[in-house]
Amino acid sequence: MSDVTVPGDLKADRPARVNPARRFFASGAGRSIGLLIALLVLVAVGAVTAGENFMNANNMLVILRYASVIGVVAIGVTFVITAGGIDLSVGSVLGLASIMATIGAIQTAASGFWPLMVFVAIATGVIAGLLNGLIIAYGKVVAFMATLAMLVAARGLAELISDRQTQIVDNQGFLSFFRSDLLGVSWVVWIFAIVALIGWFVLNRTTFGRRTVAIGGNATAARLAGVNVKRHTVYLYMIAGACAGVAATMLLSRTTAGTSTHGQLYELDAIAAVVVGGTLLIGGRGTIGGTVLGVLLFATLTNVFTQNNLSTSVQLVAKGIIIVIAVMLQQRFANREAASSSGPPAATVPSASPPVA
Amino acid sequence: MCGLERAMHVQFRRALAMCYVRRVIKDDHPESLLEVRGLTKSFGAVRALRGVDLDVRPGEVHCVLGQNGAGKSTLIKTLSGAHQPDAGEIRWKGEVVTLADPVAALELGIATMYQELDVVGGLTIAENIFLGHEHATAGVLNRRETNRLTRELMKRLGHPDLSPSREVGGLSPANQQIVSMARALSHDISLMIMDEPSAVLDSEEVDNLFRVVGELTKEGIAVIYISHRLEEIDRIGDRISVLKDGSSRASNLDVKKTPTRKLISLMTGTDIDHMFPPRATLPADAPVVLEVEGLSLRGKFSDVNLTVRAGEVVGLAGLVGSGRSEILETIYGHRKATSGTVRVGDTTLRAGSVMSSVAANMGLSPEERKSQGLLLEEPIYRNATLSAFTRFAKGWLLDERAERRATKTQMTALELRPAEPDRITRTLSGGNQQKVMLARWLIHGTEVLLLDEPTRGVDVGARMEIYRLIRELAAAGTALLIVSSEIEEVLGLSDRVLVVADGRVLVERNSTDIDEHGVLDLVMKGSAA
């Protein structure tokens with residue numbers, strides 16, 4: 001019996017012949033290499049056009065510091081998008097967290113122990129994420145709408161609590177910690193690095209990461225295999241919220257004030273960095289390394305433009321073009337991969353959906 | 001073309017068609033409207049059509065019969081221009097034609113009404129009917145004319161009550177079908193292909209459908225009618241063609257001269273009994289591991305009782321829409337039962353909880369393997385361990401090496417070649433993807449396995465392997481509950497079979513005590529009642 005079937009199976013399953021270079025660039029590492037090349041090209045452009053002003057250690061640290069806040073937000077968003085969700089609320093939640101952490105009473109209470117402010121910011125993010133997750137997983141509201149609602153509501157709540165006043169950070173312990181550095185590198189950058197490392201580890205090496213990818217790849221299949229999809233979804237949005245909270249403390253240290261306008265449009269920057277980095281917007285494939293590179297790419301772009309005295313408007317246009325090109329390249333590789341590796345059509349009865357006459 | 005002009009044009013063509021019919025009726029040798037000769041079509045290694053012949057005359061109802069997988073859908077899609085045949089000839093009104101796409105077919109006058117209705121829920125009836133050929137002047141829709149024509153069509157189809165401005169999404173399936181039919185008739189057609197149009201209808205609606213079919217044929221329009229229900233063919237069919245395994249078993253039989261008994265044997269054939277491995281005798285003391293009591297799901301099925309013992313294979317036989325898949329999914333907790341209990345061993349499962357089923361060592365290989373079962377872009381081992389990766393893990397830390405090892409062991413046992421756990425699952429054939437599903441539950445250590453359409457999309461060779469594996473699983477003590485749209489498969493694989501129709505279990509028999517004719521007989525009586 002197996003004599004009959006094995007050749008057939010082998011034939012059906014013979015690996016598709018693909019150009020090795022193309023195959024490499026379609027793989028996860030390959031895509032990251034592509035991004036790295038883009039980043040290096042950008043650095044070269046910066047070095048040529050701005051010379052010494054760009055190519056010095058200090059400016060590099062400026063770029064890193066600039067990238068760090070968005071970077072931490074983007075790591076959280078990477079988890080949500082990998083699982084096939086979306087979180088539009090992270091920017092607003094960041095703003096709300098910055099307000100919550102700088103309320104007079106909290107600052108007074110934190111005068112002896114500044115990490116309390118950090119804790120309040122993160123807790124704010126986690127609670128907002130918990131609400132997002134519950135509404136999406138158990139309330140069955142699509143993620144786009146649920147987090148859009150949170151985007152609006154969190155911003156409003158931040159305005160209500162702060163009465164639209166800027167809340168100055170007067171906790172010297174908090175400020176001096178973030179002003180200090182380690183090995184010449186700001187703590188803000190270290191925090192980004194630590195969050196990215198933890199994120200990479202969790203996504204690639206833990207059961208939590210496996211569930212995340214599985215849900216993004218096929219939520220029904222994951223559920224039917226016994227994965228608790230709803231609970232996991234809630235955790236994911238809590239992670240995105242927590243990252244927004246961490247980013248809020250980083251932004252607080254840089255601006256030394258909490259305002260309800262902190263983090264405006266950060267969600268879009270974060271999503272752009274995640275997708276440009278190679279995480280599939282439909283879920284099922286996520287890369288923390290890609291996200292980091294994506295964030296660095298945009299930060300470097302901003303810096304190069306600023307060094308050349310180009311207006312922010314030009315920056316925005318360039319950003320838009322980069323996003324479109326990156327996504328088009330991503331899709332092209334994804335399509336080739338799918339087309340070159342698909343076996344024979346599935347069924348004896350081809351079940352292609354009927355064309356509309 | 002302006003509305004009035006168009007309407008006149010249609011009237012004119014209808015009048016012509018009437019003359020044509022009269023001429024044909026006088027003629028002793030009626031000309032064929034559509035002649036199909038030696039049509040073949042393959043999808044990769046799967047030969048869906050291997051030589052189909054068909055003649056359709058103007059104004060007749062030509063029934064095409066065949067079991068699931070016989071090639072009916074492929075034939076329809078080829079005739080409607082959705083698929084291109086590999087070989088064979090299609091003659092339309094005597095001339096050889098190529099149906100490059102559905103639009104080309106429609107321009108010739110061939111309209112198709114698919115089983116999955118292709119109406120747009122958010123649009124109105126009128127908008128749906130004239131979708132793609134709107135009546136408009138310089139881009140501005142001529143609503144009054146559109147509505148008038150729609151009302152006319154609705155009247156002709158026996159539904160003057162359906163207002164042109166109603167939204168289609170809110171209509172019953174039967175009425176959506178009317179809209180789909182009206183859309184076909186809004187073109188100037190001479191052949192209408194209907195794919196199981198009665199599947200979504202109750203008996204009164206079927207009467208209306210038949211009345212409409214009668215009207216169409218009176219106007220000279222030919223109808224190709226696909227159905228499972230043999231009794232319908234007696235009522236409206238003129239001639240019959242039977243497909244089996246992609247080829248014509250009989251073409252252009254006269255309905256009145258062909259007994260139903262003969263049709264069933266043409267449809268089923270009896271030459272593939274050897275496909276199924278022999279059954280082992282069940283030990284008398286084999287314990288009951290799956291026990292379902294009074295399980296109901298509102299609107300789908302009610303009061304299902306069944307038991308499966310360790311090492312036993314039980315099958316659910318029934319037609320599409322009988323509720324058999326829903327029963328399986330509800331037992332598993334994918335759907336939440338309205339009432340009733342499911343016990344695995346001593347554990348009573350929580351209704352609607354897949355997790356409690358998996359924890360109790362029950363597994364499901366779902367009907368739609370690709371969309372419900374597999375992570376297609378992930379490597380095989382991650383699919384095989386999807387239910388058990390936490391057990392391999394040390395705390396939170398994945399142990400991918402152990403996962404690969406376990407997967408490889410199962411791949412070897414299941415003869416899934418080549419045994420490369422890192423291969424991307426999408427690249428596997430249907431049979432091997434099914435084996436990955438089996439591997440998942442073997443790794444998980446399942447005692448009760450529910451298999452929904454275990455050989456869908458699996459070619460004949462790999463099919464026999466799956467059958468053998470199912471039997472081996474049973475021999476190893478697994479309790480299996482199987483659903484398949486192929487009745488012979490259910491009968492050939494299982495020890496006991498439950499015949500399901502209209503959400504009820506009609507009878508329970510030993511598989512050896514009932515044959516395919518018997519099951520079809522029961523099912524048809526059941527759905528006619």
# chains A, B, ... in the order shown; residues from 1 in each chain; ligands from 1
$ residues_around --residues "segment 166-174 of chain A" --least-positions-apart "4" --cutoff "10 Å" --atoms "only C-alpha atoms" --output "PyMOL selection string"
chain A and resi 98-104+107-108+110-118+159+162+178-179+249+252-253+255-261
$ write_last_selection --atoms "N, CA and C atoms" --output "mmCIF file, in the first residue's frame"
data_model
loop_
_atom_site.group_PDB
_atom_site.id
_atom_site.type_symbol
_atom_site.label_atom_id
_atom_site.label_comp_id
_atom_site.auth_asym_id
_atom_site.auth_seq_id
_atom_site.Cartn_x
_atom_site.Cartn_y
_atom_site.Cartn_z
ATOM 1 N N SER A 98 1.589 59.319 32.271
ATOM 2 C CA SER A 98 2.459 60.425 32.681
ATOM 3 C C SER A 98 1.723 61.357 33.643
ATOM 4 N N ILE A 99 0.424 61.512 33.435
ATOM 5 C CA ILE A 99 -0.372 62.333 34.343
ATOM 6 C C ILE A 99 -0.530 61.648 35.695
ATOM 7 N N MET A 100 -0.886 60.357 35.673
ATOM 8 C CA MET A 100 -1.114 59.636 36.920
ATOM 9 C C MET A 100 0.144 59.655 37.796
ATOM 10 N N ALA A 101 1.312 59.491 37.167
ATOM 11 C CA ALA A 101 2.559 59.396 37.934
ATOM 12 C C ALA A 101 2.974 60.743 38.506
ATOM 13 N N THR A 102 2.425 61.833 37.934
ATOM 14 C CA THR A 102 2.874 63.155 38.396
ATOM 15 C C THR A 102 1.808 63.916 39.163
ATOM 16 N N ILE A 103 0.708 63.239 39.520
ATOM 17 C CA ILE A 103 -0.275 63.869 40.394
ATOM 18 C C ILE A 103 0.437 64.303 41.684
ATOM 19 N N GLY A 104 0.067 65.481 42.174
ATOM 20 C CA GLY A 104 0.720 66.027 43.373
ATOM 21 C C GLY A 104 0.851 65.014 44.497
ATOM 22 N N GLN A 107 3.390 62.360 43.825
ATOM 23 C CA GLN A 107 4.757 62.863 43.914
ATOM 24 C C GLN A 107 5.158 63.064 45.366
ATOM 25 N N THR A 108 4.210 63.542 46.168
ATOM 26 C CA THR A 108 4.498 63.718 47.590
ATOM 27 C C THR A 108 4.807 62.366 48.232
ATOM 28 N N ALA A 110 5.862 59.839 46.816
ATOM 29 C CA ALA A 110 7.059 59.249 46.248
ATOM 30 C C ALA A 110 8.318 60.013 46.633
ATOM 31 N N SER A 111 8.146 61.060 47.441
ATOM 32 C CA SER A 111 9.319 61.899 47.724
ATOM 33 C C SER A 111 10.426 61.087 48.383
ATOM 34 N N GLY A 112 10.051 60.103 49.198
ATOM 35 C CA GLY A 112 11.086 59.307 49.846
ATOM 36 C C GLY A 112 11.500 58.113 48.993
ATOM 37 N N PHE A 113 10.647 57.737 48.034
ATOM 38 C CA PHE A 113 10.878 56.508 47.268
ATOM 39 C C PHE A 113 10.395 56.727 45.850
ATOM 40 N N TRP A 114 11.291 57.247 44.982
ATOM 41 C CA TRP A 114 10.863 57.662 43.644
ATOM 42 C C TRP A 114 10.331 56.518 42.766
ATOM 43 N N PRO A 115 10.755 55.256 42.949
ATOM 44 C CA PRO A 115 10.209 54.210 42.073
ATOM 45 C C PRO A 115 8.685 54.102 42.150
ATOM 46 N N LEU A 116 8.081 54.663 43.190
ATOM 47 C CA LEU A 116 6.617 54.638 43.264
ATOM 48 C C LEU A 116 6.001 55.287 42.026
ATOM 49 N N MET A 117 6.647 56.363 41.540
ATOM 50 C CA MET A 117 6.130 57.030 40.334
ATOM 51 C C MET A 117 6.167 56.078 39.134
ATOM 52 N N VAL A 118 7.267 55.339 39.050
ATOM 53 C CA VAL A 118 7.392 54.365 37.955
ATOM 54 C C VAL A 118 6.290 53.312 38.080
ATOM 55 N N GLU A 159 -6.885 64.524 30.570
ATOM 56 C CA GLU A 159 -7.222 65.959 30.631
ATOM 57 C C GLU A 159 -8.039 66.268 31.869
ATOM 58 N N SER A 162 -5.745 66.114 35.019
ATOM 59 C CA SER A 162 -4.740 67.179 35.094
ATOM 60 C C SER A 162 -5.352 68.559 34.939
ATOM 61 N N PHE A 178 17.381 59.255 36.263
ATOM 62 C CA PHE A 178 17.321 59.181 34.801
ATOM 63 C C PHE A 178 18.386 60.046 34.142
ATOM 64 N N ARG A 179 18.922 61.074 34.901
ATOM 65 C CA ARG A 179 19.983 61.885 34.315
ATOM 66 C C ARG A 179 21.320 61.163 34.373
ATOM 67 N N THR A 249 7.374 56.886 31.887
ATOM 68 C CA THR A 249 8.385 57.351 32.850
ATOM 69 C C THR A 249 9.626 57.860 32.126
ATOM 70 N N LEU A 252 8.773 61.228 30.887
ATOM 71 C CA LEU A 252 8.725 62.147 32.025
ATOM 72 C C LEU A 252 10.123 62.635 32.383
ATOM 73 N N SER A 253 11.087 61.718 32.376
ATOM 74 C CA SER A 253 12.434 62.109 32.764
ATOM 75 C C SER A 253 13.034 63.067 31.748
ATOM 76 N N THR A 255 11.267 65.187 29.655
ATOM 77 C CA THR A 255 10.566 66.471 29.588
ATOM 78 C C THR A 255 10.386 67.087 30.959
ATOM 79 N N THR A 256 10.669 66.349 32.015
ATOM 80 C CA THR A 256 10.500 66.752 33.413
ATOM 81 C C THR A 256 9.103 67.271 33.715
ATOM 82 N N ALA A 257 8.113 66.809 32.944
ATOM 83 C CA ALA A 257 6.735 67.217 33.236
ATOM 84 C C ALA A 257 5.763 66.213 32.630
ATOM 85 N N GLY A 258 4.639 66.045 33.323
ATOM 86 C CA GLY A 258 3.580 65.214 32.765
ATOM 87 C C GLY A 258 2.501 66.089 32.162
ATOM 88 N N THR A 259 2.092 65.783 30.924
ATOM 89 C CA THR A 259 0.953 66.516 30.370
ATOM 90 C C THR A 259 0.047 65.523 29.655
ATOM 91 N N SER A 260 -1.184 65.921 29.481
ATOM 92 C CA SER A 260 -2.135 65.025 28.838
ATOM 93 C C SER A 260 -1.860 64.894 27.341
ATOM 94 N N THR A 261 -0.948 65.716 26.819
ATOM 95 C CA THR A 261 -0.651 65.607 25.383
ATOM 96 C C THR A 261 0.550 64.714 25.102
#
$ select_by_dssp --residues "segment 4-219 of chain A" --states "alpha helix (DSSP H)" --output "number ranges by chain"
A: 4-13, 20-26, 28-50, 57-82, 90-101, 104-109, 115-137, 143-162, 172-179, 187-205, 207-217, 219
$ closest_atom_pairs --of "chain B" --to "chain A" --cutoff "8 Å" --atoms "only C-alpha atoms" --output "JSON lines"
{"residue": "B:Phe43", "atom": "CA", "partner": "A:Pro345", "partner_atom": "CA", "distance": 6.0}
{"residue": "B:Gly44", "atom": "CA", "partner": "A:Pro344", "partner_atom": "CA", "distance": 4.7}
{"residue": "B:Ala45", "atom": "CA", "partner": "A:Pro344", "partner_atom": "CA", "distance": 6.7}
{"residue": "B:Val46", "atom": "CA", "partner": "A:Thr348", "partner_atom": "CA", "distance": 6.1}
{"residue": "B:Arg47", "atom": "CA", "partner": "A:Thr348", "partner_atom": "CA", "distance": 7.4}
{"residue": "B:Ala48", "atom": "CA", "partner": "A:Thr348", "partner_atom": "CA", "distance": 5.8}
{"residue": "B:Gly69", "atom": "CA", "partner": "A:Val349", "partner_atom": "CA", "distance": 5.6}
{"residue": "B:Gly71", "atom": "CA", "partner": "A:Val349", "partner_atom": "CA", "distance": 6.6}
{"residue": "B:Ser73", "atom": "CA", "partner": "A:Val349", "partner_atom": "CA", "distance": 6.6}
{"residue": "B:Thr74", "atom": "CA", "partner": "A:Val349", "partner_atom": "CA", "distance": 6.6}
{"residue": "B:Ala82", "atom": "CA", "partner": "A:Pro355", "partner_atom": "CA", "distance": 7.1}
{"residue": "B:Pro102", "atom": "CA", "partner": "A:Ala357", "partner_atom": "CA", "distance": 6.1}
{"residue": "B:Val103", "atom": "CA", "partner": "A:Ala357", "partner_atom": "CA", "distance": 6.5}
{"residue": "B:Leu106", "atom": "CA", "partner": "A:Ala357", "partner_atom": "CA", "distance": 7.5}
{"residue": "B:Ala111", "atom": "CA", "partner": "A:Ala357", "partner_atom": "CA", "distance": 8.0}
{"residue": "B:Tyr114", "atom": "CA", "partner": "A:Pro354", "partner_atom": "CA", "distance": 7.0}
{"residue": "B:Glu116", "atom": "CA", "partner": "A:Pro354", "partner_atom": "CA", "distance": 7.6}
{"residue": "B:Asp118", "atom": "CA", "partner": "A:Val356", "partner_atom": "CA", "distance": 6.1}
{"residue": "B:His334", "atom": "CA", "partner": "A:Leu224", "partner_atom": "CA", "distance": 7.1}
{"residue": "B:Val354", "atom": "CA", "partner": "A:Gly226", "partner_atom": "CA", "distance": 5.9}
{"residue": "B:Met355", "atom": "CA", "partner": "A:Gly226", "partner_atom": "CA", "distance": 4.7}
{"residue": "B:Ser357", "atom": "CA", "partner": "A:Gly226", "partner_atom": "CA", "distance": 8.0}
{"residue": "B:Val358", "atom": "CA", "partner": "A:Gly226", "partner_atom": "CA", "distance": 5.6}
{"residue": "B:Ala359", "atom": "CA", "partner": "A:Gly226", "partner_atom": "CA", "distance": 7.9}
{"residue": "B:Gly363", "atom": "CA", "partner": "A:Ala225", "partner_atom": "CA", "distance": 7.7}
{"residue": "B:Leu364", "atom": "CA", "partner": "A:Leu224", "partner_atom": "CA", "distance": 7.3}
{"residue": "B:Ser371", "atom": "CA", "partner": "A:Ala221", "partner_atom": "CA", "distance": 7.2}
{"residue": "B:Gln372", "atom": "CA", "partner": "A:Ala221", "partner_atom": "CA", "distance": 4.6}
{"residue": "B:Gly373", "atom": "CA", "partner": "A:Ala221", "partner_atom": "CA", "distance": 4.4}
{"residue": "B:Leu374", "atom": "CA", "partner": "A:Ala221", "partner_atom": "CA", "distance": 5.8}
{"residue": "B:Leu375", "atom": "CA", "partner": "A:Gly217", "partner_atom": "CA", "distance": 5.6}
{"residue": "B:Leu376", "atom": "CA", "partner": "A:Gly217", "partner_atom": "CA", "distance": 7.7}
{"residue": "B:Glu377", "atom": "CA", "partner": "A:Gly217", "partner_atom": "CA", "distance": 7.4}
{"residue": "B:Leu386", "atom": "CA", "partner": "A:Ala225", "partner_atom": "CA", "distance": 6.2}
{"residue": "B:Ser387", "atom": "CA", "partner": "A:Ala225", "partner_atom": "CA", "distance": 5.0}
{"residue": "B:Phe389", "atom": "CA", "partner": "A:Thr207", "partner_atom": "CA", "distance": 7.3}
{"residue": "B:Thr390", "atom": "CA", "partner": "A:Thr207", "partner_atom": "CA", "distance": 6.3}
{"residue": "B:Ala393", "atom": "CA", "partner": "A:Thr207", "partner_atom": "CA", "distance": 7.2}
{"residue": "B:Trp396", "atom": "CA", "partner": "A:Thr206", "partner_atom": "CA", "distance": 5.2}
{"residue": "B:Leu397", "atom": "CA", "partner": "A:Thr206", "partner_atom": "CA", "distance": 4.6}
{"residue": "B:Leu398", "atom": "CA", "partner": "A:Thr206", "partner_atom": "CA", "distance": 5.1}
{"residue": "B:Arg417", "atom": "CA", "partner": "A:Leu10", "partner_atom": "CA", "distance": 7.0}
{"residue": "B:Pro418", "atom": "CA", "partner": "A:Leu10", "partner_atom": "CA", "distance": 7.4}
{"residue": "B:Arg426", "atom": "CA", "partner": "A:Ser342", "partner_atom": "CA", "distance": 6.3}
{"residue": "B:Thr427", "atom": "CA", "partner": "A:Ser342", "partner_atom": "CA", "distance": 5.3}
{"residue": "B:Leu428", "atom": "CA", "partner": "A:Asp13", "partner_atom": "CA", "distance": 5.4}
{"residue": "B:Ser429", "atom": "CA", "partner": "A:Ala12", "partner_atom": "CA", "distance": 5.8}
{"residue": "B:Gly430", "atom": "CA", "partner": "A:Ala346", "partner_atom": "CA", "distance": 6.1}
{"residue": "B:Asn432", "atom": "CA", "partner": "A:Asp9", "partner_atom": "CA", "distance": 7.7}
{"residue": "B:Arg456", "atom": "CA", "partner": "A:Ala347", "partner_atom": "CA", "distance": 6.5}
{"residue": "B:Gly457", "atom": "CA", "partner": "A:Ala347", "partner_atom": "CA", "distance": 3.7}
{"residue": "B:Val458", "atom": "CA", "partner": "A:Ala347", "partner_atom": "CA", "distance": 7.0}
{"residue": "B:Asp459", "atom": "CA", "partner": "A:Thr348", "partner_atom": "CA", "distance": 7.5}
{"residue": "B:Gly461", "atom": "CA", "partner": "A:Thr5", "partner_atom": "CA", "distance": 4.9}
{"residue": "B:Ala462", "atom": "CA", "partner": "A:Thr5", "partner_atom": "CA", "distance": 5.7}
{"residue": "B:Met464", "atom": "CA", "partner": "A:Met1", "partner_atom": "CA", "distance": 7.7}
{"residue": "B:Glu465", "atom": "CA", "partner": "A:Ser2", "partner_atom": "CA", "distance": 7.4}
$ residues_around --residues "segment 295-307 of chain A" --least-positions-apart "3" --cutoff "8 Å" --atoms "only C-alpha atoms" --output "MDAnalysis selection string"
chainID A and resid 38:39 42:43 45:46 50 53:54 63:64 66:67 70:71 74 270 273:274 291:292 310:312 315 319
$ residues_around --residues "Ala439 of chain B" --least-positions-apart "6" --cutoff "9 Å" --atoms "only C-alpha atoms" --output "list of chain:residue names"
B:Asn383, B:Ala384, B:Thr385, B:Thr407, B:Gln410, B:Met411, B:Leu414
$ select_by_dssp --residues "segment 11-234 of chain A" --states "strand (DSSP E or B)" --output "MDAnalysis selection string"
chainID A and resid 167:168 181:182 185:186 206
$ atom_distance --atom1 "atom CA of Ile322 of chain A" --atom2 "atom CA of Leu88 of chain A"
20.7 Å
$ residues_around --residues "Met192 of chain B" --least-positions-apart "5" --cutoff "10 Å" --atoms "only C-alpha atoms" --output "list in words"
Val61, Ser80, Leu106, Gly109, Ile110, Ala111, Thr112, Met113, Met181, Ala184, Leu185, Val213, Leu216, Thr217, Ile221, Ala222, Val223, Ile224 and Tyr225 of chain B
$ write_last_selection --atoms "N, CA and C atoms" --output "compact mmCIF listing (two decimals), in the first residue's frame"
# COMPACT_ATOMS: atom_id res chain seq x y z
N VAL B 61 -35.02 20.28 -18.19
CA VAL B 61 -34.34 20.27 -16.90
C VAL B 61 -33.42 19.06 -16.91
N SER B 80 -19.33 27.40 -16.16
CA SER B 80 -19.62 28.81 -15.90
C SER B 80 -18.40 29.68 -16.18
N LEU B 106 -21.57 34.32 -19.28
CA LEU B 106 -22.81 35.08 -19.12
C LEU B 106 -23.20 35.76 -20.42
N GLY B 109 -24.93 33.49 -22.52
CA GLY B 109 -26.26 33.18 -22.02
C GLY B 109 -26.27 32.04 -21.01
N ILE B 110 -25.13 31.80 -20.36
CA ILE B 110 -25.06 30.77 -19.32
C ILE B 110 -24.94 31.46 -17.97
N ALA B 111 -25.94 31.30 -17.13
CA ALA B 111 -25.88 31.90 -15.80
C ALA B 111 -25.79 30.78 -14.78
N THR B 112 -25.09 31.03 -13.70
CA THR B 112 -24.89 30.00 -12.68
C THR B 112 -25.33 30.51 -11.32
N MET B 113 -26.08 29.66 -10.63
CA MET B 113 -26.50 30.00 -9.28
C MET B 113 -25.76 29.06 -8.35
N MET B 181 -31.32 34.32 -8.25
CA MET B 181 -31.96 33.86 -9.48
C MET B 181 -32.37 35.05 -10.34
N ALA B 184 -29.55 36.37 -12.29
CA ALA B 184 -29.27 35.60 -13.49
C ALA B 184 -30.25 35.97 -14.59
N LEU B 185 -31.53 36.12 -14.22
CA LEU B 185 -32.56 36.40 -15.22
C LEU B 185 -32.49 37.83 -15.75
N VAL B 213 -38.82 27.08 -11.95
CA VAL B 213 -38.08 26.28 -12.93
C VAL B 213 -39.00 25.94 -14.10
N LEU B 216 -39.37 28.92 -16.36
CA LEU B 216 -38.16 29.15 -17.15
C LEU B 216 -38.14 28.22 -18.36
N THR B 217 -38.42 26.94 -18.10
CA THR B 217 -38.33 25.98 -19.21
C THR B 217 -39.41 26.27 -20.24
N ILE B 221 -35.77 28.32 -21.68
CA ILE B 221 -34.49 28.32 -20.98
C ILE B 221 -34.23 26.92 -20.44
N ALA B 222 -33.02 26.43 -20.67
CA ALA B 222 -32.66 25.11 -20.15
C ALA B 222 -32.10 25.27 -18.74
N VAL B 223 -32.30 24.23 -17.93
CA VAL B 223 -31.80 24.27 -16.56
C VAL B 223 -30.94 23.03 -16.30
N ILE B 224 -29.72 23.25 -15.81
CA ILE B 224 -28.94 22.13 -15.30
C ILE B 224 -29.13 22.14 -13.80
N TYR B 225 -29.67 21.05 -13.28
CA TYR B 225 -30.10 21.02 -11.89
C TYR B 225 -29.28 20.00 -11.13
$ atom_distance --atom1 "atom CA of Ile239 of chain A" --atom2 "atom CA of Phe144 of chain A"
16.9 Å
$ atom_distance --atom1 "atom CA of Val507 of chain B" --atom2 "atom CA of Gly477 of chain B"
25.4 Å
